[in-house]
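Novice: Here you go, one structure.
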Amino acid sequence: MKTLATPKTLYDKIWDSHFICDTENGDSLIYIDLHLIHEVTTPQAFAGLAANRREVAAPQQTLAVADHNTPTENQAAGVDAVEDDEARLQLQTLSRNVAKHNIEFFPMGHVNNGIVHVVGPEQGRTQPFMTIVCGDSHTSTHGAFGALAHGIGTSEVEHVLASQTLRARKMKNMAIVVEGSLQNGVSAKDLALAIIAKIGTAGGTGAVIEFMGSAIRELSMEGRMTLCNMAIEAGARAGLIGVDEKTIGYLENRPSSPKGDNWGKAVEYWRGAISDEGAKFDMTFTLDGNKIKPMVTWGTSPEQAIAIDEVIPARNTISQIGLETFDRALDYMDLQAGQKIASVAIQRVFIGSCTNSRIEDLREAASVARGQKVAPSVRAMVVPGSGLVKLQAEAEGLADIFIEAGFEWREPGCSMCLGMNPDKLGPKERCASTSNRNFEGRQGRGGRTHLVSPRMAAWAAIKGELFDYRPGLARAVD
């Protein structure tokens, strides 16, 4: 009698198909399909290769961009125009290393350049069933395509360059199931913050999260990338979403997607990038997508988030373990327990980052900015995620809408997400940001960050404060 195969999760399928062997210390060695690199985490890795007289094992499976240190103005002037000496050296070093090892590279100013987690998918380098790594924690973004993608450290970057393999430890399987439909005006970013607020920044520790349910299936590919991007903020190693027709439609005709007969073969293979019915998960969390509201962080951790119509939690609702973090967050953010988050004044707005800088994000923000003006007390900037996103936004007239409203229209890069370039907050400046982390000093020393969706950020720019825009949406629907 034929024995039926045990149902597998998507994570287990990818792991098993890339497993090479176990190692002496309890780790495993797995094969890596795609290695994404940028200027910050590679200088030491390439220096290590040179010191040991090693070559890059698979340059054709490596893609390089310049994103963290790049200024978002005057990119046509090239690397020599970068004012910071260390940033300029890192960019120059990357250029030399990729040329030496024949690695595909989109330098600053190239139309295909941009944030690494925007460029990989739009070029079609990100594909289902792949293992993908990068010296950047938000590599989890690529999990939206049914790929196992996560960040690695500098020594691991060198290991992958030299061997196209990685030492890794098998994680647990976690399912987050979101049923129902998101309300009008609620985005993938709000969903991500709602999930993190529920399970905490340690909720996914030791696990790979697979996002499932009708609300997830309704998300566009760009929304799914936003959600998987934030999986790391829930403590997970990676985020995953199974392949469907939206996945396949996004990848069709991308520059590096399979062509001709290979396209059909690839699609047939990709359709298997889902968890089998009956597959067992170690942990499962469920949310009602209908109840999720526009979200805003009030503290210095992504889990310190509430709906726009809520008040900052009272001290007696916080666990003893969290009290020190709670008190420090309120002090740093200059807010009070019981205070309404709506109407908190904002001085800066940043729309961009690997979380929310794609064309759909810019369309969402532009729909708010059209015919409006940025408040006199606010400085707002929009930073597209890549040169191709920038061109498309300009062709669609989105850039004109932003400029006419008083937003600064910038060139691609990580920008104010992490303050490694000229785009930074000043001390005590409060920013509505579409990025992914609100840690102390993340966007500039002493800067205060509220994580929000592109729609919320655009409204904050117009109103000069965090704003509950839903009554206007309800009137528009009526």
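Identifiers for the structure tokens are assigned positionally: chains receive A, B, ... in sequence, residues are indexed from 1 per chain, and ligands are indexed from 1 in the order shown.
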Compile the contact shell of segment 247-263 of chain A as a tab-separated table (two decimals) with C-alpha atoms, in the first residue's frame: residues with an atom at most 8 Å away, counting only C-alpha atoms, same-chain residues fewer than 4 positions apart removed.
Specialist:
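Saved the output as result-v7.tsv:
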```tsv
chain	number	residue	atom	x	y	z
A	121	PRO	CA	11.57	42.08	-6.95
A	122	GLU	CA	11.11	44.66	-9.70
A	123	GLN	CA	14.01	43.14	-11.65
A	124	GLY	CA	12.54	39.66	-11.29
A	125	ARG	CA	15.61	38.44	-9.40
A	127	GLN	CA	11.40	34.33	-7.31
A	145	PHE	CA	7.03	35.82	-3.24
A	221	MET	CA	2.07	42.09	-4.11
A	243	VAL	CA	2.29	31.82	-4.27
A	267	VAL	CA	5.14	28.82	-13.26
```
Novice: As a PyMOL selection string, please: the residues near segment 40-44 of chain A (cut-off 8 Å, only C-alpha atoms, same-chain neighbours under 6 positions excluded).
Specialist: chain A and resi 68-69+90+93-94+135-136+153-154+157-158
Novice: Residues of the last selection are to be written out with N, CA, C and O atoms, as a PDB file, in the first residue's frame.
Specialist:
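And here's out36.pdb as it stands now:
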```
ATOM      1  N   HIS A  68      22.155  52.548   1.124  1.00  0.00           N
ATOM      2  CA  HIS A  68      22.123  53.082   2.484  1.00  0.00           C
ATOM      3  C   HIS A  68      22.767  54.460   2.611  1.00  0.00           C
ATOM      4  O   HIS A  68      22.243  55.338   3.297  1.00  0.00           O
ATOM      5  N   ASN A  69      23.908  54.635   1.991  1.00  0.00           N
ATOM      6  CA  ASN A  69      24.679  55.879   2.133  1.00  0.00           C
ATOM      7  C   ASN A  69      24.389  56.920   1.066  1.00  0.00           C
ATOM      8  O   ASN A  69      24.902  58.030   1.137  1.00  0.00           O
ATOM      9  N   GLN A  90      32.853  53.751   1.291  1.00  0.00           N
ATOM     10  CA  GLN A  90      32.098  52.506   1.171  1.00  0.00           C
ATOM     11  C   GLN A  90      31.518  52.347  -0.236  1.00  0.00           C
ATOM     12  O   GLN A  90      31.537  51.251  -0.805  1.00  0.00           O
ATOM     13  N   THR A  93      34.385  51.554  -2.602  1.00  0.00           N
ATOM     14  CA  THR A  93      34.875  50.196  -2.373  1.00  0.00           C
ATOM     15  C   THR A  93      33.939  49.174  -3.017  1.00  0.00           C
ATOM     16  O   THR A  93      34.393  48.198  -3.632  1.00  0.00           O
ATOM     17  N   LEU A  94      32.638  49.390  -2.883  1.00  0.00           N
ATOM     18  CA  LEU A  94      31.689  48.484  -3.511  1.00  0.00           C
ATOM     19  C   LEU A  94      31.879  48.467  -5.027  1.00  0.00           C
ATOM     20  O   LEU A  94      31.897  47.396  -5.651  1.00  0.00           O
ATOM     21  N   GLY A 135      22.924  41.320   3.680  1.00  0.00           N
ATOM     22  CA  GLY A 135      23.405  41.901   4.927  1.00  0.00           C
ATOM     23  C   GLY A 135      22.510  43.035   5.373  1.00  0.00           C
ATOM     24  O   GLY A 135      22.959  44.169   5.579  1.00  0.00           O
ATOM     25  N   ASP A 136      21.228  42.735   5.541  1.00  0.00           N
ATOM     26  CA  ASP A 136      20.236  43.731   5.908  1.00  0.00           C
ATOM     27  C   ASP A 136      19.037  42.989   6.486  1.00  0.00           C
ATOM     28  O   ASP A 136      18.521  42.047   5.868  1.00  0.00           O
ATOM     29  N   GLY A 153      24.800  38.479   8.830  1.00  0.00           N
ATOM     30  CA  GLY A 153      25.865  39.352   9.304  1.00  0.00           C
ATOM     31  C   GLY A 153      27.040  39.423   8.339  1.00  0.00           C
ATOM     32  O   GLY A 153      27.101  38.682   7.350  1.00  0.00           O
ATOM     33  N   THR A 154      27.994  40.288   8.648  1.00  0.00           N
ATOM     34  CA  THR A 154      29.130  40.522   7.749  1.00  0.00           C
ATOM     35  C   THR A 154      29.946  39.254   7.501  1.00  0.00           C
ATOM     36  O   THR A 154      30.345  38.970   6.367  1.00  0.00           O
ATOM     37  N   VAL A 157      28.090  37.166   5.141  1.00  0.00           N
ATOM     38  CA  VAL A 157      28.180  37.701   3.777  1.00  0.00           C
ATOM     39  C   VAL A 157      29.415  37.135   3.086  1.00  0.00           C
ATOM     40  O   VAL A 157      29.353  36.686   1.936  1.00  0.00           O
ATOM     41  N   GLU A 158      30.543  37.131   3.795  1.00  0.00           N
ATOM     42  CA  GLU A 158      31.774  36.569   3.231  1.00  0.00           C
ATOM     43  C   GLU A 158      31.607  35.080   2.933  1.00  0.00           C
ATOM     44  O   GLU A 158      32.047  34.592   1.872  1.00  0.00           O
TER      45      GLU A 158
END
```
Novice: Within segment 6-207 of chain A, find each residue whose DSSP state, derived from the backbone, is helix (DSSP H, G or I), and express the selection as a count of residues only.
Specialist: 81
Novice: Write out as a PDB file with N, CA, C and O atoms, in the first residue's frame which residues come within 12 Å of Gly441 of chain A when counting only C-alpha atoms, dropping same-chain ones fewer than 3 positions away.
Specialist:
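The result, stored in out_4.pdb:
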```
ATOM      1  N   THR A 300       8.903  53.729  21.296  1.00  0.00           N
ATOM      2  CA  THR A 300      10.192  53.539  20.635  1.00  0.00           C
ATOM      3  C   THR A 300      10.415  52.081  20.245  1.00  0.00           C
ATOM      4  O   THR A 300      11.545  51.625  20.113  1.00  0.00           O
ATOM      5  N   SER A 301       9.333  51.359  20.056  1.00  0.00           N
ATOM      6  CA  SER A 301       9.356  49.990  19.559  1.00  0.00           C
ATOM      7  C   SER A 301       8.142  49.816  18.665  1.00  0.00           C
ATOM      8  O   SER A 301       7.072  50.366  18.963  1.00  0.00           O
ATOM      9  N   TYR A 332      11.077  59.721  26.228  1.00  0.00           N
ATOM     10  CA  TYR A 332      11.802  60.043  24.995  1.00  0.00           C
ATOM     11  C   TYR A 332      10.882  60.701  23.975  1.00  0.00           C
ATOM     12  O   TYR A 332      11.264  61.659  23.303  1.00  0.00           O
ATOM     13  N   MET A 333       9.657  60.186  23.854  1.00  0.00           N
ATOM     14  CA  MET A 333       8.714  60.702  22.863  1.00  0.00           C
ATOM     15  C   MET A 333       7.976  61.946  23.347  1.00  0.00           C
ATOM     16  O   MET A 333       7.233  62.573  22.578  1.00  0.00           O
ATOM     17  N   MET A 416      15.869  58.705   4.985  1.00  0.00           N
ATOM     18  CA  MET A 416      15.707  58.959   6.409  1.00  0.00           C
ATOM     19  C   MET A 416      15.301  57.730   7.208  1.00  0.00           C
ATOM     20  O   MET A 416      15.120  57.804   8.421  1.00  0.00           O
ATOM     21  N   CYS A 417      15.179  56.587   6.573  1.00  0.00           N
ATOM     22  CA  CYS A 417      14.811  55.389   7.319  1.00  0.00           C
ATOM     23  C   CYS A 417      15.786  55.140   8.458  1.00  0.00           C
ATOM     24  O   CYS A 417      15.390  54.789   9.560  1.00  0.00           O
ATOM     25  N   LEU A 418      17.078  55.302   8.193  1.00  0.00           N
ATOM     26  CA  LEU A 418      18.073  54.960   9.210  1.00  0.00           C
ATOM     27  C   LEU A 418      19.129  56.030   9.420  1.00  0.00           C
ATOM     28  O   LEU A 418      20.054  55.842  10.193  1.00  0.00           O
ATOM     29  N   GLY A 419      19.034  57.158   8.750  1.00  0.00           N
ATOM     30  CA  GLY A 419      19.931  58.266   9.047  1.00  0.00           C
ATOM     31  C   GLY A 419      21.393  58.000   8.783  1.00  0.00           C
ATOM     32  O   GLY A 419      22.257  58.519   9.494  1.00  0.00           O
ATOM     33  N   MET A 420      21.735  57.208   7.760  1.00  0.00           N
ATOM     34  CA  MET A 420      23.136  56.984   7.396  1.00  0.00           C
ATOM     35  C   MET A 420      23.549  57.881   6.236  1.00  0.00           C
ATOM     36  O   MET A 420      24.586  57.686   5.635  1.00  0.00           O
ATOM     37  N   LYS A 424      18.217  63.346   7.804  1.00  0.00           N
ATOM     38  CA  LYS A 424      18.134  62.984   9.216  1.00  0.00           C
ATOM     39  C   LYS A 424      17.197  63.925   9.956  1.00  0.00           C
ATOM     40  O   LYS A 424      16.967  65.057   9.547  1.00  0.00           O
ATOM     41  N   LEU A 425      16.672  63.419  11.082  1.00  0.00           N
ATOM     42  CA  LEU A 425      15.908  64.262  11.985  1.00  0.00           C
ATOM     43  C   LEU A 425      16.853  65.008  12.915  1.00  0.00           C
ATOM     44  O   LEU A 425      17.905  64.495  13.294  1.00  0.00           O
ATOM     45  N   GLY A 426      16.443  66.203  13.300  1.00  0.00           N
ATOM     46  CA  GLY A 426      17.157  66.931  14.331  1.00  0.00           C
ATOM     47  C   GLY A 426      16.659  66.517  15.701  1.00  0.00           C
ATOM     48  O   GLY A 426      15.606  65.885  15.832  1.00  0.00           O
ATOM     49  N   PRO A 427      17.384  66.848  16.759  1.00  0.00           N
ATOM     50  CA  PRO A 427      16.952  66.504  18.119  1.00  0.00           C
ATOM     51  C   PRO A 427      15.543  67.011  18.400  1.00  0.00           C
ATOM     52  O   PRO A 427      15.207  68.164  18.112  1.00  0.00           O
ATOM     53  N   LYS A 428      14.699  66.123  18.932  1.00  0.00           N
ATOM     54  CA  LYS A 428      13.324  66.405  19.341  1.00  0.00           C
ATOM     55  C   LYS A 428      12.373  66.666  18.179  1.00  0.00           C
ATOM     56  O   LYS A 428      11.197  66.953  18.402  1.00  0.00           O
ATOM     57  N   GLU A 429      12.845  66.572  16.948  1.00  0.00           N
ATOM     58  CA  GLU A 429      11.921  66.675  15.827  1.00  0.00           C
ATOM     59  C   GLU A 429      11.046  65.429  15.792  1.00  0.00           C
ATOM     60  O   GLU A 429      11.527  64.310  15.942  1.00  0.00           O
ATOM     61  N   ARG A 430       9.761  65.632  15.562  1.00  0.00           N
ATOM     62  CA  ARG A 430       8.800  64.533  15.551  1.00  0.00           C
ATOM     63  C   ARG A 430       8.394  64.252  14.106  1.00  0.00           C
ATOM     64  O   ARG A 430       7.996  65.167  13.375  1.00  0.00           O
ATOM     65  N   CYS A 431       8.494  62.980  13.713  1.00  0.00           N
ATOM     66  CA  CYS A 431       8.302  62.601  12.313  1.00  0.00           C
ATOM     67  C   CYS A 431       7.241  61.523  12.159  1.00  0.00           C
ATOM     68  O   CYS A 431       7.268  60.517  12.877  1.00  0.00           O
ATOM     69  N   ARG A 437      11.223  51.145  11.655  1.00  0.00           N
ATOM     70  CA  ARG A 437      11.747  51.127  13.021  1.00  0.00           C
ATOM     71  C   ARG A 437      11.647  52.521  13.634  1.00  0.00           C
ATOM     72  O   ARG A 437      11.970  53.519  12.986  1.00  0.00           O
ATOM     73  N   ASN A 438      11.248  52.538  14.897  1.00  0.00           N
ATOM     74  CA  ASN A 438      11.088  53.802  15.627  1.00  0.00           C
ATOM     75  C   ASN A 438      11.965  53.848  16.867  1.00  0.00           C
ATOM     76  O   ASN A 438      11.637  54.511  17.841  1.00  0.00           O
ATOM     77  N   GLY A 444      17.836  59.846  13.380  1.00  0.00           N
ATOM     78  CA  GLY A 444      18.666  60.997  13.717  1.00  0.00           C
ATOM     79  C   GLY A 444      18.694  61.144  15.228  1.00  0.00           C
ATOM     80  O   GLY A 444      17.695  60.896  15.912  1.00  0.00           O
ATOM     81  N   ARG A 445      19.817  61.536  15.764  1.00  0.00           N
ATOM     82  CA  ARG A 445      20.006  61.622  17.213  1.00  0.00           C
ATOM     83  C   ARG A 445      18.939  62.502  17.853  1.00  0.00           C
ATOM     84  O   ARG A 445      18.789  63.670  17.505  1.00  0.00           O
ATOM     85  N   GLY A 446      18.187  61.911  18.772  1.00  0.00           N
ATOM     86  CA  GLY A 446      17.152  62.657  19.482  1.00  0.00           C
ATOM     87  C   GLY A 446      15.844  62.785  18.725  1.00  0.00           C
ATOM     88  O   GLY A 446      14.876  63.339  19.249  1.00  0.00           O
ATOM     89  N   GLY A 447      15.784  62.263  17.483  1.00  0.00           N
ATOM     90  CA  GLY A 447      14.563  62.355  16.688  1.00  0.00           C
ATOM     91  C   GLY A 447      13.490  61.415  17.207  1.00  0.00           C
ATOM     92  O   GLY A 447      13.774  60.349  17.768  1.00  0.00           O
ATOM     93  N   ARG A 448      12.231  61.812  17.029  1.00  0.00           N
ATOM     94  CA  ARG A 448      11.089  61.034  17.509  1.00  0.00           C
ATOM     95  C   ARG A 448      10.280  60.540  16.316  1.00  0.00           C
ATOM     96  O   ARG A 448       9.813  61.343  15.505  1.00  0.00           O
ATOM     97  N   THR A 449      10.120  59.237  16.220  1.00  0.00           N
ATOM     98  CA  THR A 449       9.510  58.619  15.045  1.00  0.00           C
ATOM     99  C   THR A 449       8.172  57.968  15.369  1.00  0.00           C
ATOM    100  O   THR A 449       8.074  57.187  16.314  1.00  0.00           O
TER     101      THR A 449
END
```
Novice: So that I can check the surroundings of Ala192 of chain A, please list as a list of chain:residue names every protein, DNA and RNA residue that reaches within 9 Å of it, counting only C-alpha atoms and ignoring chain neighbours fewer than 2 positions away.
Specialist: A:Ser187, A:Ala188, A:Lys189, A:Asp190, A:Ala194, A:Ile195, A:Ile196, A:Ala197, A:Thr226, A:Leu227, A:Cys228, A:Asn229, A:Met230, A:Ala231, A:Ala234
Novice: Hey, can you spit out that residue selection with all heavy atoms as an mmCIF file, in the first residue's frame?
Specialist:
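Final output, out.cif:
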```cif
data_model
loop_
_atom_site.group_PDB
_atom_site.id
_atom_site.type_symbol
_atom_site.label_atom_id
_atom_site.label_comp_id
_atom_site.auth_asym_id
_atom_site.auth_seq_id
_atom_site.Cartn_x
_atom_site.Cartn_y
_atom_site.Cartn_z
ATOM 1 N N SER A 187 -4.364 49.833 5.390
ATOM 2 C CA SER A 187 -3.365 49.298 4.462
ATOM 3 C C SER A 187 -2.583 48.146 5.075
ATOM 4 O O SER A 187 -2.749 47.806 6.255
ATOM 5 C CB SER A 187 -2.385 50.414 4.071
ATOM 6 O OG SER A 187 -1.558 50.746 5.188
ATOM 7 N N ALA A 188 -1.696 47.576 4.267
ATOM 8 C CA ALA A 188 -0.814 46.508 4.743
ATOM 9 C C ALA A 188 0.064 46.982 5.892
ATOM 10 O O ALA A 188 0.400 46.202 6.788
ATOM 11 C CB ALA A 188 0.047 45.998 3.590
ATOM 12 N N LYS A 189 0.461 48.238 5.880
ATOM 13 C CA LYS A 189 1.281 48.771 6.976
ATOM 14 C C LYS A 189 0.494 48.763 8.280
ATOM 15 O O LYS A 189 1.027 48.410 9.338
ATOM 16 C CB LYS A 189 1.726 50.196 6.638
ATOM 17 C CG LYS A 189 2.634 50.856 7.687
ATOM 18 C CD LYS A 189 3.954 50.098 7.838
ATOM 19 C CE LYS A 189 5.016 50.947 8.526
ATOM 20 N NZ LYS A 189 5.493 52.046 7.696
ATOM 21 N N ASP A 190 -0.777 49.139 8.225
ATOM 22 C CA ASP A 190 -1.617 49.101 9.415
ATOM 23 C C ASP A 190 -1.770 47.663 9.913
ATOM 24 O O ASP A 190 -1.726 47.409 11.117
ATOM 25 C CB ASP A 190 -2.994 49.691 9.103
ATOM 26 C CG ASP A 190 -2.920 51.133 8.641
ATOM 27 O OD1 ASP A 190 -2.289 51.941 9.344
ATOM 28 O OD2 ASP A 190 -3.468 51.443 7.570
ATOM 29 N N ALA A 194 -0.604 46.262 13.503
ATOM 30 C CA ALA A 194 -1.604 45.623 14.357
ATOM 31 C C ALA A 194 -1.134 44.242 14.808
ATOM 32 O O ALA A 194 -1.333 43.850 15.968
ATOM 33 C CB ALA A 194 -2.931 45.522 13.618
ATOM 34 N N ILE A 195 -0.509 43.498 13.907
ATOM 35 C CA ILE A 195 0.015 42.176 14.251
ATOM 36 C C ILE A 195 1.112 42.296 15.301
ATOM 37 O O ILE A 195 1.118 41.568 16.310
ATOM 38 C CB ILE A 195 0.545 41.460 12.989
ATOM 39 C CG1 ILE A 195 -0.625 41.046 12.086
ATOM 40 C CG2 ILE A 195 1.386 40.241 13.373
ATOM 41 C CD1 ILE A 195 -0.192 40.540 10.717
ATOM 42 N N ILE A 196 2.042 43.217 15.088
ATOM 43 C CA ILE A 196 3.157 43.371 16.021
ATOM 44 C C ILE A 196 2.654 43.849 17.385
ATOM 45 O O ILE A 196 3.150 43.425 18.434
ATOM 46 C CB ILE A 196 4.210 44.328 15.449
ATOM 47 C CG1 ILE A 196 4.792 43.749 14.156
ATOM 48 C CG2 ILE A 196 5.329 44.578 16.458
ATOM 49 C CD1 ILE A 196 5.604 44.741 13.345
ATOM 50 N N ALA A 197 1.649 44.739 17.381
ATOM 51 C CA ALA A 197 1.079 45.207 18.644
ATOM 52 C C ALA A 197 0.446 44.051 19.414
ATOM 53 O O ALA A 197 0.448 44.035 20.649
ATOM 54 C CB ALA A 197 0.049 46.301 18.381
ATOM 55 N N THR A 226 5.228 44.808 1.968
ATOM 56 C CA THR A 226 5.213 45.631 3.173
ATOM 57 C C THR A 226 5.032 44.758 4.408
ATOM 58 O O THR A 226 5.734 44.921 5.414
ATOM 59 C CB THR A 226 4.081 46.667 3.098
ATOM 60 O OG1 THR A 226 4.348 47.592 2.048
ATOM 61 C CG2 THR A 226 3.930 47.428 4.408
ATOM 62 N N LEU A 227 4.107 43.823 4.354
ATOM 63 C CA LEU A 227 3.829 42.954 5.496
ATOM 64 C C LEU A 227 5.031 42.076 5.826
ATOM 65 O O LEU A 227 5.447 41.991 6.996
ATOM 66 C CB LEU A 227 2.605 42.098 5.191
ATOM 67 C CG LEU A 227 2.133 41.162 6.295
ATOM 68 C CD1 LEU A 227 1.799 41.938 7.566
ATOM 69 C CD2 LEU A 227 0.924 40.359 5.832
ATOM 70 N N CYS A 228 5.603 41.426 4.824
ATOM 71 C CA CYS A 228 6.767 40.564 5.081
ATOM 72 C C CYS A 228 7.971 41.382 5.526
ATOM 73 O O CYS A 228 8.788 40.909 6.331
ATOM 74 C CB CYS A 228 7.099 39.751 3.830
ATOM 75 S SG CYS A 228 5.927 38.407 3.520
ATOM 76 N N ASN A 229 8.106 42.595 5.024
ATOM 77 C CA ASN A 229 9.175 43.497 5.458
ATOM 78 C C ASN A 229 9.158 43.678 6.967
ATOM 79 O O ASN A 229 10.211 43.725 7.622
ATOM 80 C CB ASN A 229 8.998 44.842 4.749
ATOM 81 C CG ASN A 229 9.981 45.895 5.192
ATOM 82 O OD1 ASN A 229 9.749 46.583 6.190
ATOM 83 N ND2 ASN A 229 11.064 46.056 4.456
ATOM 84 N N MET A 230 7.954 43.767 7.544
ATOM 85 C CA MET A 230 7.812 44.025 8.976
ATOM 86 C C MET A 230 7.849 42.762 9.823
ATOM 87 O O MET A 230 7.809 42.845 11.059
ATOM 88 C CB MET A 230 6.504 44.774 9.230
ATOM 89 C CG MET A 230 6.420 46.157 8.588
ATOM 90 S SD MET A 230 7.488 47.384 9.383
ATOM 91 C CE MET A 230 6.610 47.656 10.925
ATOM 92 N N ALA A 231 7.936 41.581 9.193
ATOM 93 C CA ALA A 231 7.973 40.334 9.963
ATOM 94 C C ALA A 231 9.153 40.314 10.927
ATOM 95 O O ALA A 231 9.054 39.789 12.044
ATOM 96 C CB ALA A 231 8.036 39.135 9.023
ATOM 97 N N ALA A 234 8.538 41.670 14.269
ATOM 98 C CA ALA A 234 7.802 40.801 15.190
ATOM 99 C C ALA A 234 8.717 39.731 15.767
ATOM 100 O O ALA A 234 8.239 38.781 16.400
ATOM 101 C CB ALA A 234 6.620 40.152 14.471
#
```
Novice: Kindly indicate which residue among A:Pro128, A:Gly338, A:Gly278, A:Pro384 lies nearest to Asp361 of chain A, using only C-alpha atoms for the distances.
Specialist: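 Nearest to Asp361 of chain A: A:Pro384.
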Novice: Which neighbours of Leu451 of chain A fall inside 8 Å, counting only C-alpha atoms, when residues of the same chain fewer than 4 positions from it are skipped, and could you give them as a PyMOL selection string?
Specialist: chain A and resi 296-297+302+432-438
Novice: Give me, as a PyMOL selection string, the residues of segment 243-372 of chain A that a backbone DSSP run labels strand (DSSP E).
Specialist: chain A and resi 283-288+295-297+305-307+348-351
Novice: Let me make sure I understand: among A:Leu161, A:Ala168, A:Ala273, A:Ile14, which one has the smallest atom-to-atom distance to Asn97 of chain A if we use only C-alpha atoms?
Specialist: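 Smallest separation from Asn97 of chain A among the options: A:Leu161.
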Novice: Can you tell me which residues surround Glu408 of chain A at a distance of at most 9 Å, considering only C-alpha atoms, apart from same-chain residues fewer than 4 positions away, and format the answer as number ranges by chain?
Specialist: A: 379-383, 402-403
Novice: Those same residues - all heavy atoms - I'd like them written as a PDB file, in the first residue's frame.
Specialist:
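Below you can see part-v6.pdb, which holds the result:
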```pdb
ATOM      1  N   ARG A 379       8.047  69.937   7.343  1.00  0.00           N
ATOM      2  CA  ARG A 379       8.915  69.659   6.202  1.00  0.00           C
ATOM      3  C   ARG A 379       8.687  68.203   5.814  1.00  0.00           C
ATOM      4  O   ARG A 379       8.918  67.305   6.627  1.00  0.00           O
ATOM      5  CB  ARG A 379      10.384  69.881   6.549  1.00  0.00           C
ATOM      6  CG  ARG A 379      11.320  69.617   5.365  1.00  0.00           C
ATOM      7  CD  ARG A 379      12.775  69.746   5.757  1.00  0.00           C
ATOM      8  NE  ARG A 379      13.648  69.379   4.643  1.00  0.00           N
ATOM      9  CZ  ARG A 379      14.964  69.176   4.745  1.00  0.00           C
ATOM     10  NH1 ARG A 379      15.557  69.318   5.935  1.00  0.00           N
ATOM     11  NH2 ARG A 379      15.671  68.839   3.695  1.00  0.00           N
ATOM     12  N   ALA A 380       8.223  67.988   4.590  1.00  0.00           N
ATOM     13  CA  ALA A 380       7.852  66.641   4.155  1.00  0.00           C
ATOM     14  C   ALA A 380       8.630  66.236   2.915  1.00  0.00           C
ATOM     15  O   ALA A 380       8.793  67.047   1.993  1.00  0.00           O
ATOM     16  CB  ALA A 380       6.351  66.578   3.873  1.00  0.00           C
ATOM     17  N   MET A 381       9.095  64.987   2.881  1.00  0.00           N
ATOM     18  CA  MET A 381       9.819  64.501   1.715  1.00  0.00           C
ATOM     19  C   MET A 381       9.274  63.153   1.258  1.00  0.00           C
ATOM     20  O   MET A 381       8.825  62.336   2.058  1.00  0.00           O
ATOM     21  CB  MET A 381      11.328  64.398   1.989  1.00  0.00           C
ATOM     22  CG  MET A 381      11.738  63.443   3.071  1.00  0.00           C
ATOM     23  SD  MET A 381      13.550  63.238   3.137  1.00  0.00           S
ATOM     24  CE  MET A 381      14.064  64.908   3.506  1.00  0.00           C
ATOM     25  N   VAL A 382       9.319  62.953  -0.046  1.00  0.00           N
ATOM     26  CA  VAL A 382       8.913  61.696  -0.662  1.00  0.00           C
ATOM     27  C   VAL A 382      10.127  61.132  -1.392  1.00  0.00           C
ATOM     28  O   VAL A 382      10.706  61.805  -2.254  1.00  0.00           O
ATOM     29  CB  VAL A 382       7.748  61.884  -1.649  1.00  0.00           C
ATOM     30  CG1 VAL A 382       7.353  60.544  -2.257  1.00  0.00           C
ATOM     31  CG2 VAL A 382       6.559  62.540  -0.962  1.00  0.00           C
ATOM     32  N   VAL A 383      10.519  59.897  -1.045  1.00  0.00           N
ATOM     33  CA  VAL A 383      11.720  59.280  -1.617  1.00  0.00           C
ATOM     34  C   VAL A 383      11.324  57.964  -2.282  1.00  0.00           C
ATOM     35  O   VAL A 383      11.054  56.972  -1.604  1.00  0.00           O
ATOM     36  CB  VAL A 383      12.793  59.024  -0.540  1.00  0.00           C
ATOM     37  CG1 VAL A 383      14.071  58.489  -1.178  1.00  0.00           C
ATOM     38  CG2 VAL A 383      13.085  60.302   0.241  1.00  0.00           C
ATOM     39  N   PHE A 402       2.924  65.923  -5.667  1.00  0.00           N
ATOM     40  CA  PHE A 402       3.704  66.136  -4.440  1.00  0.00           C
ATOM     41  C   PHE A 402       4.364  67.513  -4.438  1.00  0.00           C
ATOM     42  O   PHE A 402       4.304  68.249  -3.445  1.00  0.00           O
ATOM     43  CB  PHE A 402       4.766  65.045  -4.295  1.00  0.00           C
ATOM     44  CG  PHE A 402       4.226  63.690  -3.937  1.00  0.00           C
ATOM     45  CD1 PHE A 402       4.529  62.573  -4.707  1.00  0.00           C
ATOM     46  CD2 PHE A 402       3.415  63.521  -2.826  1.00  0.00           C
ATOM     47  CE1 PHE A 402       4.034  61.322  -4.379  1.00  0.00           C
ATOM     48  CE2 PHE A 402       2.913  62.263  -2.483  1.00  0.00           C
ATOM     49  CZ  PHE A 402       3.224  61.164  -3.268  1.00  0.00           C
ATOM     50  N   ILE A 403       4.986  67.852  -5.534  1.00  0.00           N
ATOM     51  CA  ILE A 403       5.713  69.132  -5.610  1.00  0.00           C
ATOM     52  C   ILE A 403       4.751  70.304  -5.448  1.00  0.00           C
ATOM     53  O   ILE A 403       5.033  71.260  -4.706  1.00  0.00           O
ATOM     54  CB  ILE A 403       6.488  69.213  -6.933  1.00  0.00           C
ATOM     55  CG1 ILE A 403       7.624  68.170  -6.954  1.00  0.00           C
ATOM     56  CG2 ILE A 403       7.059  70.616  -7.141  1.00  0.00           C
ATOM     57  CD1 ILE A 403       8.260  67.975  -8.309  1.00  0.00           C
TER      58      ILE A 403
END
```
Novice: List the spatial neighbours of Arg470 of chain A as a PyMOL selection string - criterion: any atom at most 10 Å away, only C-alpha atoms, same-chain residues fewer than 5 positions off excluded.
Specialist: chain A and resi 183-186+293-294+308-309+475-476
Novice: For the atom pair atom CA of Glu310 of chain A and atom CA of Phe326 of chain A, what is the interatomic distance in Å to one decimal place?
Specialist: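 A separation of 16.8 Å between them.
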Novice: Against segment 199-215 of chain A, which residues of segment 69-176 of chain A fall within 7 Å? For each one I want the closest pair of atoms and the distance in Å (one decimal), counting only C-alpha atoms, rows by chain and increasing residue number, as JSON lines.
Specialist:
```
{"residue": "A:Met171", "atom": "CA", "partner": "A:Ala207", "partner_atom": "CA", "distance": 4.8}
{"residue": "A:Lys172", "atom": "CA", "partner": "A:Ala207", "partner_atom": "CA", "distance": 4.3}
{"residue": "A:Asn173", "atom": "CA", "partner": "A:Val208", "partner_atom": "CA", "distance": 5.5}
{"residue": "A:Met174", "atom": "CA", "partner": "A:Ile209", "partner_atom": "CA", "distance": 4.7}
{"residue": "A:Ala175", "atom": "CA", "partner": "A:Glu210", "partner_atom": "CA", "distance": 4.9}
{"residue": "A:Ile176", "atom": "CA", "partner": "A:Phe211", "partner_atom": "CA", "distance": 5.0}
```
